[in-house]
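A short write-up of the structure that comes next.
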Amino acid sequence: MNSEINSLSSYHDIARLGQLRMDAANNPDASVQEVARQFESIFLNLMLQGAREAMSQEGIFSSPQLKTYQQMFDQQVAMDLADSGGIGLAKIIARQLQHTEQQAPLIREEQNRG
């Protein structure tokens, strides 16, 4: 994978998706790892949002601007957490996807026989 894209990751990096598509054509195994890491980032972001919503939002500093900033911050923290190993969810997802990918030819062969 392109290390420049990975080192400059941010939650709003649209170029990263295009690079992932190109990499998927050349090296599907590495792309599975990246997709799993991105999924973990989304999952972590949802966890952070839930935790923030559970906290009291009332007070002198509550405003729509602060809420927007906190959402951006949570998205970037989730991406950084996933980039640094996260909670292990990406490894599990990648292992499952690779296992499924390896089994696909056998499944198709069985379907063709039956």
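Labels for the structure tokens follow display order: chains A, B, ..., residues from 1 in each chain, ligands from 1.
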Legend entry - Test item: residues at most 9 Å from stretch 73-79 of chain A, only C-alpha atoms, excluding those fewer than 4 positions along its chain, as a ChimeraX atom specification: /A:9-12,37-38,40-49,68-69,83-84,86
Inset, instruction - Using DSSP on the backbone coordinates, identify all residues within stretch 46-95 of chain A classified as helix (DSSP H, G or I); present the result as number ranges by chain. - result: A: 46-54, 64-83, 89-95
Legend entry - Given only C-alpha atoms as the counted atoms, nearest of A:Ala94, A:Met55, A:Ala30, A:Ala36 to A:Ala82: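 Closest candidate: A:Ala36.
Note that the spacing between atom CA of A:His99 and atom CA of A:Glu34 amounts to 16.0 Å.
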Inset, instruction - Figure out the distance between atom CA of A:Ala15 and atom CA of A:Gln65, please, to one decimal in Å. - result: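 Spanning atom CA of A:Gln65 to atom CA of A:Ala15 is a straight-line distance of 26.8 Å.
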Legend entry - Point-to-point distance from atom CA of A:Gln70 to atom CA of A:Ile92, Å rounded to tenths: 28.8 Å
Legend entry - Polymer residues at most 12 Å from A:Asp23, only C-alpha atoms, same-chain spacing of 2 or more positions, as a list in words: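 Everything that qualifies: Met1, Asn2, Ser3, Ile5, Arg16, Leu17, Gly18, Gln19, Leu20, Arg21, Ala25, Asn26, Asn27, Pro28, Asp29, Ala30, Ser31, Val32, Gln33, Glu34 and Val35 of chain A.
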Written selection (N, CA and C atoms) as a CSV table (one decimal), in the first residue's frame:
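Contents of result.csv, freshly written:
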chain,number,residue,atom,x,y,z
A,1,MET,N,0.8,-1.2,0.0
A,1,MET,CA,0.0,0.0,0.0
A,1,MET,C,0.9,1.2,0.0
A,2,ASN,N,0.3,2.3,-0.4
A,2,ASN,CA,1.0,3.6,-0.5
A,2,ASN,C,1.2,4.1,0.9
A,3,SER,N,2.4,4.2,1.4
A,3,SER,CA,2.6,4.6,2.8
A,3,SER,C,2.3,6.1,3.0
A,5,ILE,N,-0.3,7.7,1.8
A,5,ILE,CA,-1.7,7.8,2.0
A,5,ILE,C,-2.0,7.3,3.5
A,16,ARG,N,-8.1,8.6,-0.2
A,16,ARG,CA,-7.7,7.3,0.4
A,16,ARG,C,-8.6,6.2,-0.2
A,17,LEU,N,-9.9,6.5,-0.4
A,17,LEU,CA,-10.8,5.5,-1.0
A,17,LEU,C,-10.4,5.1,-2.4
A,18,GLY,N,-10.0,6.1,-3.2
A,18,GLY,CA,-9.5,5.9,-4.6
A,18,GLY,C,-8.3,5.0,-4.6
A,19,GLN,N,-7.4,5.3,-3.7
A,19,GLN,CA,-6.1,4.5,-3.6
A,19,GLN,C,-6.4,3.1,-3.1
A,20,LEU,N,-7.4,2.9,-2.2
A,20,LEU,CA,-7.8,1.6,-1.8
A,20,LEU,C,-8.3,0.8,-3.0
A,21,ARG,N,-9.1,1.4,-3.8
A,21,ARG,CA,-9.7,0.7,-5.0
A,21,ARG,C,-8.5,0.2,-5.9
A,25,ALA,N,-7.1,-4.0,-6.6
A,25,ALA,CA,-6.9,-4.7,-7.8
A,25,ALA,C,-5.5,-5.4,-7.9
A,26,ASN,N,-4.6,-4.8,-7.3
A,26,ASN,CA,-3.2,-5.3,-7.3
A,26,ASN,C,-2.9,-6.3,-6.1
A,27,ASN,N,-3.4,-6.0,-5.0
A,27,ASN,CA,-3.1,-6.8,-3.8
A,27,ASN,C,-4.3,-6.9,-2.9
A,28,PRO,N,-5.2,-7.9,-3.2
A,28,PRO,CA,-6.5,-8.0,-2.4
A,28,PRO,C,-6.3,-8.3,-0.9
A,29,ASP,N,-5.2,-9.0,-0.6
A,29,ASP,CA,-5.0,-9.3,0.8
A,29,ASP,C,-4.7,-8.1,1.6
A,30,ALA,N,-3.9,-7.2,1.1
A,30,ALA,CA,-3.6,-6.0,1.8
A,30,ALA,C,-4.8,-5.1,1.9
A,31,SER,N,-5.6,-5.1,0.9
A,31,SER,CA,-6.9,-4.3,0.9
A,31,SER,C,-7.8,-4.8,1.9
A,32,VAL,N,-7.9,-6.1,2.2
A,32,VAL,CA,-8.8,-6.6,3.2
A,32,VAL,C,-8.3,-6.0,4.6
A,33,GLN,N,-7.0,-6.0,4.8
A,33,GLN,CA,-6.5,-5.4,6.0
A,33,GLN,C,-7.0,-3.9,6.2
A,34,GLU,N,-6.9,-3.2,5.1
A,34,GLU,CA,-7.2,-1.8,5.2
A,34,GLU,C,-8.7,-1.6,5.4
A,35,VAL,N,-9.5,-2.4,4.7
A,35,VAL,CA,-11.0,-2.3,4.8
A,35,VAL,C,-11.4,-2.6,6.3
